[in-house]
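*Asks:* Sharing entry_31.cif below, mmCIF, C-alpha atoms:
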```
data_coords
loop_
_atom_site.group_PDB
_atom_site.id
_atom_site.type_symbol
_atom_site.label_atom_id
_atom_site.label_comp_id
_atom_site.auth_asym_id
_atom_site.auth_seq_id
_atom_site.Cartn_x
_atom_site.Cartn_y
_atom_site.Cartn_z
ATOM 1 C CA MET X 26 -29.906 66.726 -18.338
ATOM 2 C CA ALA X 27 -27.480 63.835 -18.412
ATOM 3 C CA PRO X 28 -28.554 60.660 -16.493
ATOM 4 C CA ALA X 29 -25.543 60.905 -14.139
ATOM 5 C CA ALA X 30 -26.489 64.469 -13.216
ATOM 6 C CA GLU X 31 -30.099 63.389 -12.607
ATOM 7 C CA VAL X 32 -28.936 60.652 -10.247
ATOM 8 C CA ARG X 33 -26.668 63.055 -8.341
ATOM 9 C CA ASN X 34 -29.399 65.677 -8.031
ATOM 10 C CA ARG X 35 -31.856 63.084 -6.718
ATOM 11 C CA LYS X 36 -29.400 61.925 -4.061
ATOM 12 C CA VAL X 37 -28.591 65.484 -2.995
ATOM 13 C CA HIS X 38 -32.324 66.248 -2.861
ATOM 14 C CA GLU X 39 -32.951 63.208 -0.644
ATOM 15 C CA ASN X 40 -30.226 64.374 1.707
ATOM 16 C CA THR X 41 -31.179 68.052 1.941
ATOM 17 C CA GLN X 42 -34.909 67.403 2.313
ATOM 18 C CA ALA X 43 -34.380 65.768 5.705
ATOM 19 C CA SER X 44 -35.396 67.748 8.762
ATOM 20 C CA LYS X 45 -33.382 70.858 9.610
ATOM 21 C CA PRO X 46 -33.552 71.519 13.361
ATOM 22 C CA ASN X 47 -33.239 75.146 14.438
ATOM 23 C CA GLY X 48 -33.979 76.296 10.922
ATOM 24 C CA GLY X 49 -31.021 74.418 9.491
ATOM 25 C CA ARG X 50 -28.434 76.045 11.729
ATOM 26 C CA GLY X 51 -26.355 74.700 14.570
ATOM 27 C CA LYS X 52 -23.760 72.062 15.290
ATOM 28 C CA ALA X 53 -23.226 69.411 12.652
ATOM 29 C CA TYR X 54 -24.750 66.122 13.716
ATOM 30 C CA VAL X 55 -22.052 63.570 14.466
ATOM 31 C CA LEU X 56 -22.001 60.046 15.791
ATOM 32 C CA LYS X 57 -19.811 59.018 18.689
ATOM 33 C CA ARG X 58 -16.241 58.479 17.541
ATOM 34 C CA LYS X 59 -14.901 54.980 18.102
ATOM 35 C CA SER X 60 -11.499 56.243 19.241
ATOM 36 C CA ALA X 61 -10.441 59.275 21.223
ATOM 37 C CA LYS X 62 -8.997 62.316 19.502
ATOM 38 C CA GLY X 63 -5.303 62.056 20.230
ATOM 39 C CA GLY X 64 -4.096 60.509 23.479
ATOM 40 C CA LEU X 65 -1.376 57.973 24.174
ATOM 41 C CA GLN X 66 -3.294 55.253 22.328
ATOM 42 C CA GLN X 67 -2.659 57.202 19.125
ATOM 43 C CA TRP X 68 0.445 59.291 19.783
ATOM 44 C CA GLY X 69 2.469 56.472 21.344
ATOM 45 C CA PRO X 70 2.282 53.964 18.454
ATOM 46 C CA LEU X 71 2.572 56.733 15.854
ATOM 47 C CA LEU X 72 5.748 58.282 17.261
ATOM 48 C CA ALA X 73 7.273 54.853 17.966
ATOM 49 C CA MET X 74 6.577 53.694 14.402
ATOM 50 C CA GLU X 75 7.958 56.857 12.832
ATOM 51 C CA GLY X 76 11.055 56.778 15.053
ATOM 52 C CA LEU X 77 11.749 53.124 14.250
ATOM 53 C CA LEU X 78 11.257 53.748 10.530
ATOM 54 C CA ILE X 79 13.702 56.668 10.578
ATOM 55 C CA MET X 80 16.357 54.555 12.330
ATOM 56 C CA VAL X 81 15.976 51.681 9.864
ATOM 57 C CA LEU X 82 16.112 53.981 6.846
ATOM 58 C CA HIS X 83 19.087 55.878 8.252
ATOM 59 C CA GLN X 84 20.984 52.599 8.534
ATOM 60 C CA ARG X 85 19.996 51.807 4.946
ATOM 61 C CA MET X 86 21.440 55.136 3.781
ATOM 62 C CA ARG X 87 24.713 54.419 5.578
ATOM 63 C CA LYS X 88 25.043 50.883 4.214
ATOM 64 C CA MET X 89 24.321 52.003 0.673
ATOM 65 C CA GLU X 90 26.605 55.036 1.137
ATOM 66 C CA LEU X 91 23.895 57.374 -0.113
ATOM 67 C CA ASP X 92 23.967 61.112 0.413
ATOM 68 C CA PHE X 93 20.906 62.865 1.746
ATOM 69 C CA PRO X 94 19.171 64.974 -0.915
ATOM 70 C CA ASP X 95 18.722 68.727 -0.711
ATOM 71 C CA TRP X 96 15.813 69.510 1.626
ATOM 72 C CA TRP X 97 14.814 72.534 -0.442
ATOM 73 C CA GLY X 98 12.626 70.519 -2.811
ATOM 74 C CA LEU X 99 10.770 69.051 0.164
ATOM 75 C CA TRP X 100 10.228 72.490 1.671
ATOM 76 C CA LEU X 101 8.920 73.897 -1.616
ATOM 77 C CA GLY X 102 6.227 71.219 -1.674
ATOM 78 C CA ILE X 103 5.196 71.700 1.957
ATOM 79 C CA ARG X 104 5.239 75.472 1.530
ATOM 80 C CA GLY X 105 2.867 75.170 -1.417
ATOM 81 C CA VAL X 106 0.385 73.240 0.717
ATOM 82 C CA LEU X 107 0.570 75.837 3.501
ATOM 83 C CA VAL X 108 0.087 78.759 1.101
ATOM 84 C CA GLY X 109 -2.866 76.920 -0.432
ATOM 85 C CA HIS X 110 -4.345 76.448 3.051
ATOM 86 C CA VAL X 111 -4.243 80.198 3.651
ATOM 87 C CA PHE X 112 -6.235 80.804 0.465
ATOM 88 C CA VAL X 113 -8.728 78.004 1.208
ATOM 89 C CA PHE X 114 -9.331 79.125 4.794
ATOM 90 C CA SER X 115 -9.742 82.759 3.735
ATOM 91 C CA TYR X 116 -12.103 81.827 0.903
ATOM 92 C CA HIS X 117 -14.176 79.573 3.152
ATOM 93 C CA TYR X 118 -14.347 82.130 5.962
ATOM 94 C CA VAL X 119 -15.716 84.807 3.650
ATOM 95 C CA ARG X 120 -18.078 82.389 1.927
ATOM 96 C CA LYS X 121 -19.413 80.994 5.199
ATOM 97 C CA LEU X 122 -19.851 84.499 6.607
ATOM 98 C CA TYR X 123 -21.902 85.455 3.559
ATOM 99 C CA LEU X 124 -23.962 82.249 3.212
ATOM 100 C CA PHE X 125 -24.600 81.305 6.846
ATOM 101 C CA GLY X 126 -28.317 81.034 7.500
ATOM 102 C CA LYS X 127 -29.273 81.661 3.866
ATOM 103 C CA GLU X 128 -30.434 78.102 3.229
ATOM 104 C CA LYS X 129 -27.737 77.517 0.611
ATOM 105 C CA ASN X 130 -25.902 74.797 2.483
ATOM 106 C CA ILE X 131 -26.016 71.311 0.961
ATOM 107 C CA GLN X 132 -26.659 69.368 4.159
ATOM 108 C CA LYS X 133 -29.434 68.427 6.550
ATOM 109 C CA LEU X 134 -28.016 70.724 9.179
ATOM 110 C CA GLU X 135 -25.760 73.674 8.504
ATOM 111 C CA PRO X 136 -22.604 73.171 10.566
ATOM 112 C CA ASP X 137 -21.432 75.944 12.824
ATOM 113 C CA PHE X 138 -18.057 75.785 14.555
ATOM 114 C CA ASN X 139 -15.417 77.734 16.410
ATOM 115 C CA TRP X 140 -12.744 78.727 13.904
ATOM 116 C CA ALA X 141 -9.939 78.914 16.472
ATOM 117 C CA GLU X 142 -10.700 75.446 17.843
ATOM 118 C CA GLU X 143 -10.946 73.933 14.380
ATOM 119 C CA LEU X 144 -7.711 75.519 13.176
ATOM 120 C CA ILE X 145 -5.850 74.212 16.231
ATOM 121 C CA GLY X 146 -7.420 70.783 15.806
ATOM 122 C CA HIS X 147 -6.548 70.694 12.116
ATOM 123 C CA ALA X 148 -2.906 71.448 12.886
ATOM 124 C CA THR X 149 -2.542 69.045 15.822
ATOM 125 C CA ARG X 150 -4.517 65.885 14.982
ATOM 126 C CA PRO X 151 -2.125 62.925 14.953
ATOM 127 C CA GLU X 152 -3.873 61.426 11.928
ATOM 128 C CA ALA X 153 -3.410 64.581 9.876
ATOM 129 C CA PHE X 154 -0.192 66.568 9.479
ATOM 130 C CA PHE X 155 1.697 64.418 11.986
ATOM 131 C CA MET X 156 1.372 61.579 9.496
ATOM 132 C CA LEU X 157 1.441 63.502 6.227
ATOM 133 C CA VAL X 158 4.493 65.678 6.905
ATOM 134 C CA PRO X 159 6.589 62.725 8.197
ATOM 135 C CA TYR X 160 5.514 60.704 5.135
ATOM 136 C CA LEU X 161 6.669 63.468 2.793
ATOM 137 C CA SER X 162 9.877 64.051 4.767
ATOM 138 C CA ILE X 163 10.825 60.392 5.106
ATOM 139 C CA THR X 164 10.148 59.447 1.498
ATOM 140 C CA TRP X 165 12.046 62.524 0.285
ATOM 141 C CA MET X 166 15.039 62.663 2.620
ATOM 142 C CA PHE X 167 15.700 58.911 2.588
ATOM 143 C CA LYS X 168 15.533 58.804 -1.230
ATOM 144 C CA LEU X 169 12.517 56.538 -1.492
ATOM 145 C CA MET X 170 11.269 58.528 -4.476
ATOM 146 C CA PRO X 171 12.327 57.911 -8.097
ATOM 147 C CA GLU X 172 15.327 59.973 -9.148
ATOM 148 C CA SER X 173 13.294 62.291 -11.388
ATOM 149 C CA TYR X 174 11.459 63.704 -8.356
ATOM 150 C CA TYR X 175 14.686 65.342 -7.197
ATOM 151 C CA ASP X 176 14.923 67.394 -10.389
ATOM 152 C CA LEU X 177 13.859 70.874 -9.239
ATOM 153 C CA ASP X 178 14.405 72.599 -12.584
ATOM 154 C CA THR X 179 12.091 70.850 -15.042
ATOM 155 C CA PRO X 180 8.782 72.753 -15.212
ATOM 156 C CA SER X 181 5.509 71.057 -14.408
ATOM 157 C CA THR X 182 3.037 69.954 -17.074
ATOM 158 C CA PRO X 183 -0.767 69.722 -16.648
ATOM 159 C CA LEU X 184 -0.785 66.178 -18.068
ATOM 160 C CA LYS X 185 1.539 64.838 -15.379
ATOM 161 C CA ILE X 186 -0.430 66.571 -12.635
ATOM 162 C CA PHE X 187 -3.616 65.032 -14.059
ATOM 163 C CA LEU X 188 -2.045 61.552 -14.262
ATOM 164 C CA GLN X 189 -1.123 61.704 -10.586
ATOM 165 C CA PHE X 190 -4.701 62.592 -9.690
ATOM 166 C CA ALA X 191 -6.149 59.892 -11.952
ATOM 167 C CA VAL X 192 -3.972 57.071 -10.586
ATOM 168 C CA TYR X 193 -4.316 58.263 -6.993
ATOM 169 C CA ASP X 194 -8.092 58.487 -7.204
ATOM 170 C CA PHE X 195 -8.435 55.037 -8.788
ATOM 171 C CA VAL X 196 -6.400 53.471 -5.969
ATOM 172 C CA THR X 197 -8.419 55.464 -3.433
ATOM 173 C CA TYR X 198 -11.686 54.334 -5.020
ATOM 174 C CA CYS X 199 -10.682 50.657 -4.720
ATOM 175 C CA ILE X 200 -9.531 50.921 -1.100
ATOM 176 C CA HIS X 201 -12.419 53.171 -0.080
ATOM 177 C CA ARG X 202 -14.995 50.822 -1.563
ATOM 178 C CA ALA X 203 -13.344 47.854 0.166
ATOM 179 C CA GLN X 204 -13.465 49.744 3.472
ATOM 180 C CA HIS X 205 -17.235 50.052 3.142
ATOM 181 C CA LYS X 206 -17.744 46.453 2.001
ATOM 182 C CA ILE X 207 -15.560 44.583 4.476
ATOM 183 C CA GLU X 208 -16.374 45.087 8.147
ATOM 184 C CA THR X 209 -12.866 44.275 9.389
ATOM 185 C CA ILE X 210 -11.531 47.088 7.200
ATOM 186 C CA TYR X 211 -14.426 49.484 7.760
ATOM 187 C CA VAL X 212 -13.477 49.871 11.433
ATOM 188 C CA THR X 213 -10.435 51.843 10.237
ATOM 189 C CA HIS X 214 -12.719 54.294 8.408
ATOM 190 C CA LYS X 215 -15.572 54.469 10.902
ATOM 191 C CA ASP X 216 -14.303 57.502 12.793
ATOM 192 C CA HIS X 217 -14.324 59.634 9.653
ATOM 193 C CA HIS X 218 -17.977 58.773 9.096
ATOM 194 C CA ALA X 219 -18.859 60.031 12.541
ATOM 195 C CA PHE X 220 -19.301 63.268 10.594
ATOM 196 C CA ILE X 221 -22.598 62.755 8.763
ATOM 197 C CA ASN X 222 -22.704 66.453 7.896
ATOM 198 C CA PRO X 223 -18.998 67.227 7.403
ATOM 199 C CA HIS X 224 -17.480 70.661 7.162
ATOM 200 C CA LEU X 225 -14.164 71.853 5.807
ATOM 201 C CA PHE X 226 -12.097 70.907 8.864
ATOM 202 C CA ASN X 227 -13.371 67.322 9.009
ATOM 203 C CA ALA X 228 -11.410 66.361 5.889
ATOM 204 C CA TYR X 229 -8.429 64.946 7.781
ATOM 205 C CA SER X 230 -10.336 63.733 10.843
ATOM 206 C CA GLY X 231 -10.378 59.984 11.194
ATOM 207 C CA SER X 232 -7.938 57.417 12.530
ATOM 208 C CA LEU X 233 -4.272 56.606 12.042
ATOM 209 C CA GLN X 234 -5.193 53.472 10.109
ATOM 210 C CA ASP X 235 -7.588 55.385 7.869
ATOM 211 C CA THR X 236 -4.938 57.961 6.963
ATOM 212 C CA ALA X 237 -2.511 55.154 6.154
ATOM 213 C CA LEU X 238 -4.995 53.204 4.024
ATOM 214 C CA LEU X 239 -6.802 56.037 2.275
ATOM 215 C CA ILE X 240 -4.057 58.662 1.895
ATOM 216 C CA LEU X 241 -0.497 57.408 2.392
ATOM 217 C CA ILE X 242 -0.771 54.055 0.594
ATOM 218 C CA PRO X 243 -2.521 55.592 -2.459
ATOM 219 C CA LEU X 244 0.049 58.400 -2.553
ATOM 220 C CA TYR X 245 3.035 56.064 -2.624
ATOM 221 C CA THR X 246 1.273 53.585 -4.925
ATOM 222 C CA THR X 247 0.800 56.473 -7.360
ATOM 223 C CA VAL X 248 4.536 57.226 -7.232
ATOM 224 C CA LEU X 249 5.490 53.597 -7.869
ATOM 225 C CA THR X 250 2.860 53.008 -10.561
ATOM 226 C CA LEU X 251 3.775 56.013 -12.692
ATOM 227 C CA ASP X 252 7.480 55.217 -12.362
ATOM 228 C CA MET X 253 6.854 51.590 -13.314
ATOM 229 C CA VAL X 254 5.075 52.569 -16.553
ATOM 230 C CA GLY X 255 7.801 55.046 -17.452
ATOM 231 C CA VAL X 256 6.108 58.342 -16.613
ATOM 232 C CA ARG X 257 8.786 60.630 -15.220
ATOM 233 C CA ILE X 258 7.380 62.929 -12.543
ATOM 234 C CA TYR X 259 9.519 65.903 -11.545
ATOM 235 C CA GLN X 260 9.533 67.926 -8.335
ATOM 236 C CA GLN X 261 7.333 70.686 -9.714
ATOM 237 C CA ASP X 262 4.778 68.145 -10.974
ATOM 238 C CA TYR X 263 4.763 66.532 -7.538
ATOM 239 C CA ALA X 264 4.539 69.856 -5.679
ATOM 240 C CA TRP X 265 1.608 71.124 -7.754
ATOM 241 C CA PHE X 266 -0.212 67.819 -7.320
ATOM 242 C CA GLY X 267 0.384 67.895 -3.558
ATOM 243 C CA MET X 268 -0.774 71.486 -3.191
ATOM 244 C CA LEU X 269 -3.942 70.949 -5.231
ATOM 245 C CA TYR X 270 -4.645 67.587 -3.602
ATOM 246 C CA ALA X 271 -4.273 68.726 0.014
ATOM 247 C CA ASN X 272 -6.471 71.787 -0.449
ATOM 248 C CA TYR X 273 -9.166 70.458 -2.769
ATOM 249 C CA PHE X 274 -9.544 67.475 -0.427
ATOM 250 C CA MET X 275 -10.717 69.976 2.169
ATOM 251 C CA LEU X 276 -13.076 71.747 -0.235
ATOM 252 C CA ILE X 277 -14.959 68.536 -1.087
ATOM 253 C CA HIS X 278 -15.754 68.232 2.625
ATOM 254 C CA SER X 279 -17.213 71.736 2.661
ATOM 255 C CA GLU X 280 -20.780 72.378 3.811
ATOM 256 C CA PHE X 281 -21.295 74.680 0.820
ATOM 257 C CA SER X 282 -21.163 74.092 -2.899
ATOM 258 C CA ASN X 283 -18.719 76.255 -4.822
ATOM 259 C CA PRO X 284 -19.284 78.503 -7.862
ATOM 260 C CA TRP X 285 -17.348 76.132 -10.138
ATOM 261 C CA ASP X 286 -19.112 72.923 -9.016
ATOM 262 C CA SER X 287 -21.623 72.708 -11.854
ATOM 263 C CA LEU X 288 -18.820 72.849 -14.423
ATOM 264 C CA PHE X 289 -16.745 70.287 -12.501
ATOM 265 C CA GLU X 290 -19.707 67.922 -12.193
ATOM 266 C CA ALA X 291 -20.353 68.167 -15.936
ATOM 267 C CA ILE X 292 -16.870 66.751 -16.641
ATOM 268 C CA GLY X 293 -16.828 64.235 -13.787
ATOM 269 C CA ILE X 294 -14.696 66.041 -11.207
ATOM 270 C CA GLY X 295 -15.835 65.374 -7.647
ATOM 271 C CA THR X 296 -17.417 68.216 -5.671
ATOM 272 C CA ALA X 297 -18.649 68.967 -2.171
ATOM 273 C CA ARG X 298 -22.156 67.923 -3.243
ATOM 274 C CA ASP X 299 -20.852 64.570 -4.472
ATOM 275 C CA HIS X 300 -18.894 63.876 -1.311
ATOM 276 C CA ASN X 301 -21.706 65.038 0.946
ATOM 277 C CA VAL X 302 -23.855 62.316 -0.649
ATOM 278 C CA HIS X 303 -21.193 59.790 0.354
ATOM 279 C CA HIS X 304 -21.162 60.941 3.994
ATOM 280 C CA SER X 305 -24.949 60.922 4.266
ATOM 281 C CA GLN X 306 -25.707 57.681 2.400
ATOM 282 C CA LEU X 307 -22.392 55.759 2.563
ATOM 283 C CA ARG X 308 -23.001 53.532 -0.463
ATOM 284 C CA TYR X 309 -22.259 56.066 -3.206
ATOM 285 C CA ASN X 310 -19.361 58.196 -4.470
ATOM 286 C CA PHE X 311 -16.250 56.439 -3.192
ATOM 287 C CA GLY X 312 -13.957 58.487 -5.417
ATOM 288 C CA HIS X 313 -12.726 61.809 -4.098
ATOM 289 C CA PHE X 314 -11.459 63.811 -7.049
ATOM 290 C CA PHE X 315 -13.249 62.131 -9.957
ATOM 291 C CA MET X 316 -16.644 60.450 -10.252
ATOM 292 C CA TRP X 317 -15.541 58.413 -13.280
ATOM 293 C CA TRP X 318 -14.655 55.337 -11.255
ATOM 294 C CA ASP X 319 -18.012 55.435 -9.462
ATOM 295 C CA GLN X 320 -19.861 55.800 -12.761
ATOM 296 C CA LEU X 321 -17.977 52.791 -14.146
ATOM 297 C CA GLY X 322 -18.451 50.797 -10.938
ATOM 298 C CA GLY X 323 -22.159 51.544 -10.547
ATOM 299 C CA THR X 324 -21.732 53.475 -7.296
ATOM 300 C CA TYR X 325 -22.532 56.992 -8.501
#
```
Output the file's structure as C-alpha cells, nothing else.

*Replies:*
Amino acid sequence: MAPAAEVRNRKVHENTQASKPNGGRGKAYVLKRKSAKGGLQQWGPLLAMEGLLIMVLHQRMRKMELDFPDWWGLWLGIRGVLVGHVFVFSYHYVRKLYLFGKEKNIQKLEPDFNWAEELIGHATRPEAFFMLVPYLSITWMFKLMPESYYDLDTPSTPLKIFLQFAVYDFVTYCIHRAQHKIETIYVTHKDHHAFINPHLFNAYSGSLQDTALLILIPLYTTVLTLDMVGVRIYQQDYAWFGMLYANYFMLIHSEFSNPWDSLFEAIGIGTARDHNVHHSQLRYNFGHFFMWWDQLGGTY
C-alpha cells in the first residue's frame, strides 16, 4: 500500500473508532453556529451589495456602449447544475436508504435528517445559491468573462475541464489553509466547521464571507489565471466544469463513501473520506477536489 494511502486510512480509522452513540445512528453532532442561518444580518448586506454591484456594472455597460450577451449560455450552465443535482439527490437518497444503520458510514455518528427540510434549506440559504447564481449571472451578463466564454459552439475538451479544476483547487487550497492558520480569517470559515460530521446538504452551509473567500474568489481567479496564460475556455468547457464542480462538492461532504472512491484516492482525487478527515481533525486535507496540493504541502 502506498504511504499516502496508509496515512489516509490511519486518519479515517482514528475518526471512525470514536464512540458511536445510539449504535452510530442519530443526528450529526454539530457545534453552535457563530451566526444565525439567514436573517437581516445576512440578507440585508447581501442584497444591498448585489444591488449596488448591478447598478455600477450597468453604468459601466452604458459608458462603454456594450451590448448585453445572450442569456442562453448562462442558462445552459445553470441548467446543467440543476440536472446534476437531481441525479446526486436521487443517488444519495437510494444509497442512504440502503446503507442506513449498516455501519458503513465513515463518521463517528451516522447523520440522519429530514429530506424536505434539508432540500428547502439548500435552496434558500443566503450563502449558497443566492450568492452563486448572482455571481454567475453578473459575471456573464455584464461581460466580465473573457470573450471565448461566450462561444457556445466550440465543444468541450477534458483537458480544459481538468485545468479549471486544477487551478481552482490550488487557489482553494491556499485560501483554505490560510483560513485555518490565521484566526482573523478563520472566523469566516468557522460556521462551516460547526458540522463535525457533515452530510451531503452541509456542503454549502457556512457564512457569506466563507462563500466569497472559498468559492467565488477561487472561481473568478481561475477564469483570470487561465485567460492570462493563454488558455481559451469556451462555454461548454465552463458549463461542464460548473456542473461537475457544484455536484461533486456535495458528494465529498457525504456521510458515505462511494463505489469509485478507492480508484479516485489512488490517483489523488479527493473523496468523502478525505474531506471527512478534514472536518473531524481540521489540520489535514485542505484541498477539495485533489489531494496533490496537500501531499506536496505536508497536510495530507

*Asks:* For the file shown, what are the residues hit by the PyMOL selection byres ((chain X and resi 83) around 12), laid out as JSON, numbers by chain?

*Replies:* {"X": [76, 77, 78, 79, 80, 81, 82, 84, 85, 86, 87, 88, 89, 90, 91, 92, 93, 163, 164, 166, 167, 168, 169]}

*Asks:* Can you translate the PyMOL selection byres ((chain X and resi 208-212) around 12) into the concrete residues it hits in this file, as a list in words?

*Replies:* Arg58, Lys59, Ser60, Ile200, His201, Arg202, Ala203, Gln204, His205, Lys206, Ile207, Thr213, His214, Lys215, Asp216, His217, His218, Ala219, Gly231, Ser232, Leu233, Gln234, Asp235, Leu238, Leu239 and Leu307 of chain X

*Asks:* Do you have the CA of Ala141 in chain X-CA of Val113 in chain X distance handy?

*Replies:*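 Spanning CA of Ala141 in chain X to CA of Val113 in chain X is a straight-line distance of 15.3 Å.
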
*Asks:* Would you kindly return, as a list in words, each protein, DNA or RNA residue with an atom no farther than 8 Å from any atom of Trp318 in chain X, considering all atoms listed in the file and excluding same-chain residues fewer than 6 positions away?

*Replies:*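 In the requested format, the answer is Phe195, Tyr198 and Gly312 of chain X.
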
*Asks:* Select from range 183-222 of chain X every residue with an atom at most 12 Å from any atom of range 261-265 of chain X, then for each give the shortest pair of atoms and their distance in Å to one decimal, using all atoms listed in the file, rows by chain and rising number, as a tab-separated table.

*Replies:*
```
residue	atom	partner	partner_atom	distance
X:Pro183	CA	X:Asp262	CA	8.1
X:Leu184	CA	X:Asp262	CA	9.2
X:Lys185	CA	X:Asp262	CA	6.4
X:Ile186	CA	X:Asp262	CA	5.7
X:Phe187	CA	X:Asp262	CA	9.5
X:Leu188	CA	X:Asp262	CA	10.0
X:Gln189	CA	X:Tyr263	CA	8.2
X:Phe190	CA	X:Tyr263	CA	10.5
```

*Asks:* Restricted to C-alpha atoms, what would the selected residues look like written as a compact mmCIF listing (two decimals), in the frame of the given file?

*Replies:*
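File written: selection09.txt
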```txt
# COMPACT_ATOMS: atom_id res chain seq x y z
CA PRO X 183 -0.77 69.72 -16.65
CA LEU X 184 -0.78 66.18 -18.07
CA LYS X 185 1.54 64.84 -15.38
CA ILE X 186 -0.43 66.57 -12.64
CA PHE X 187 -3.62 65.03 -14.06
CA LEU X 188 -2.04 61.55 -14.26
CA GLN X 189 -1.12 61.70 -10.59
CA PHE X 190 -4.70 62.59 -9.69
```

*Asks:* Considering only C-alpha atoms, state which residue in the set X:Ser115, X:Glu290, X:Met170, X:Leu71 is at the smallest distance from Pro94 in chain X.

*Replies:*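 Nearest candidate to Pro94 in chain X out of X:Ser115, X:Glu290, X:Met170, X:Leu71: X:Met170.
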
*Asks:* By how many Å are CA of Phe154 in chain X and CA of Leu225 in chain X apart?

*Replies:*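 Taking CA of Phe154 in chain X as the start and CA of Leu225 in chain X as the end point, the length is 15.4 Å.
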
*Asks:* Find the distance between CA of Asp252 in chain X and CA of Val106 in chain X and write it in Å to one decimal.

*Replies:*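 Between CA of Asp252 in chain X and CA of Val106 in chain X the gap is 23.4 Å.
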
*Asks:* Show me as a ChimeraX atom specification the residues that reach within 12 Å of (-12.9, 80.3, 3.9), counting only C-alpha atoms and using the file's own coordinates.

*Replies:* /X:109-124,140,144,224-226,272,275-276,279-281,283

*Asks:* Here is a test: counting only C-alpha atoms, which residue of X:Ala297, X:Val196, X:Val302, X:Leu251 is nearest to Pro284 in chain X?

*Replies:* X:Ala297

*Asks:* Enumerate, as a list in words, the residues matched when the PyMOL selection byres ((chain X and resi 221) around 6) is run on the file above.

*Replies:*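 Selected by the PyMOL selection byres ((chain X and resi 221) around 6) here: Val55, Ala219, Phe220, Asn222, Pro223, His304 and Ser305 of chain X.
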